[in-house]
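**Q** Please read through the structure below; I'll follow up with questions.
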Amino acid sequence: MVNVSVLSQNPAAVNCGIITGSRASLIVDSGPGPSTAKHLADTAQQLSLAVTGGVNPIAAVITHDHWDHFFGNATLAAAGIETFHVSESFAGDHEATAWIALDAVRTAPETAEFASELPEDPRDLIVDVSPVDAAESEVMLDLGDCRVEFHVLGGHSTADLVVRLPDQGIVFTGDLVEEGAPPQAGDDASLSEWVTSLHTLLSFPETTVFVPGHGVPVDREFVERQLEDIGGLRSNQADAEVALPARAMPGDHDRSFPRQQVICPAGAGR
């Protein structure tokens, strides 16, 4: 049996994933810091015991180089996770990103209190990473009854990578898709690349569930609407910092924090 769970935690209301196969497990994004990452590592082991009766080897994959998605890397490494799959751009830039982002987190009023659990030295956030070759159309792992593909894209950042589970019809999109709040287009975003990446996501014919970087899981229609939003702005504005509209997935959804939702097997978390 395969289990795919989404853990949503503050600060930053970020979604992380745990994919548990019969032979191995994969954590998608390490979250914004030590507390969230420790919870991910502990939960990954608990899910492994529940699904397989033993403790799987665990790897991680990081969808992009924004602080709330990778500041937990060192905590995962301390828990015994050795492999961190990332885009080549992430691999080249994540040390500089850690220095810049740590200072920003410390000085921003909304994250200053949380920053007290982060290290003083940005180098303590850095781990060895395994770059995914962007020239390859896919890189496949087999977790045991669960194939995983990494696709290197772009648009939200210069380091976007999505995690596709073709047999389960699920994609972890990172912040290429956001629900409940406007997608963030900062100075490292490219609206034209973002449009291309959303077209790529929609070209996966089997995918019915898209797990955004923030918000509740969404369907194809939601991604199509976000593509229209970004495409419309791209046709009228340059690739600069812009304000994108918020979209919410129809229906009644649990939006509490922290929360954990099982999305595979389908219906298990409802």
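Each chain of the structure tokens is named A, B, ... in the order shown, its residues numbered from 1; ligands are numbered from 1 in display order.
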Tell me, as a VMD selection string, which residues lie within 10 Å of Glu110 in chain A, counting only C-alpha atoms; anything in the same chain fewer than 5 positions away does not count.

**A** chain A and resid 11 to 12 105 115

**Q** The selected residues should be written to file as a JSON list (two decimals), in the first residue's frame (atoms: N, CA and C atoms).

**A**
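Listing of part37.json after writing:
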[["chain", "number", "residue", "atom", "x", "y", "z"],
["A", 11, "PRO", "N", 5.17, 28.58, 10.70],
["A", 11, "PRO", "CA", 4.79, 29.80, 9.99],
["A", 11, "PRO", "C", 4.73, 29.59, 8.49],
["A", 12, "ALA", "N", 4.11, 30.54, 7.82],
["A", 12, "ALA", "CA", 4.00, 30.60, 6.37],
["A", 12, "ALA", "C", 2.96, 29.67, 5.80],
["A", 105, "VAL", "N", 14.04, 36.94, 7.40],
["A", 105, "VAL", "CA", 13.13, 36.32, 8.37],
["A", 105, "VAL", "C", 13.31, 36.95, 9.75],
["A", 115, "ALA", "N", 11.92, 33.32, 14.27],
["A", 115, "ALA", "CA", 13.34, 33.24, 13.91],
["A", 115, "ALA", "C", 14.22, 32.88, 15.08]]

**Q** Each residue of range 113-170 of chain A with at least one atom at most 8 Å from range 182-203 of chain A should appear once, together with its nearest atom pair and the corresponding distance in Å (one decimal); atoms considered: only C-alpha atoms; ordering: chain, then increasing residue number; output as a Markdown table.

**A**
| residue | atom | partner | partner_atom | distance |
| --- | --- | --- | --- | --- |
| A:Leu153 | CA | A:Ser197 | CA | 5.8 |
| A:Gly154 | CA | A:Glu193 | CA | 5.7 |
| A:Gly155 | CA | A:Trp194 | CA | 3.7 |
| A:His156 | CA | A:Ala189 | CA | 4.7 |
| A:Ser157 | CA | A:Ala189 | CA | 4.9 |
| A:Thr158 | CA | A:Asp188 | CA | 6.2 |

**Q** Work out how far apart CA of Val163 in chain A and CA of Gly54 in chain A are and give it in Å to one decimal.

**A**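 Computing the Euclidean distance for CA of Val163 in chain A and CA of Gly54 in chain A yields 24.5 Å.
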
**Q** Which one of A:Gly231, A:Pro32, A:Pro265, A:Pro131 sits closest to Glu88 in chain A if you count only C-alpha atoms?

**A**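 Closest residue, counting only C-alpha atoms: A:Pro131.
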
**Q** Just to confirm, what's the straight-line distance from CA of Ala37 in chain A to CA of Val171 in chain A in Å (one decimal)?

**A**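 Those two atoms sit 21.0 Å apart.
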
**Q** So, with only C-alpha atoms as the atoms that count, which of A:Ala181, A:Ala243, A:Cys146, A:Ile62 lies closest to Ala159 in chain A?

**A**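 Among the listed residues, the smallest separation from Ala159 in chain A belongs to A:Ile62.
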
**Q** My list of candidates is A:Arg259, A:Leu125, A:Val177, A:Val152. Which is closest to Arg220 in chain A when distances are computed with only C-alpha atoms?

**A** A:Val177

**Q** With DSSP run on the backbone, what are the helix (DSSP H, G or I) residues within range 65-148 of chain A? I'd like them as a PyMOL selection string.

**A** chain A and resi 67-70+73-78+88-107+114-117+122-125
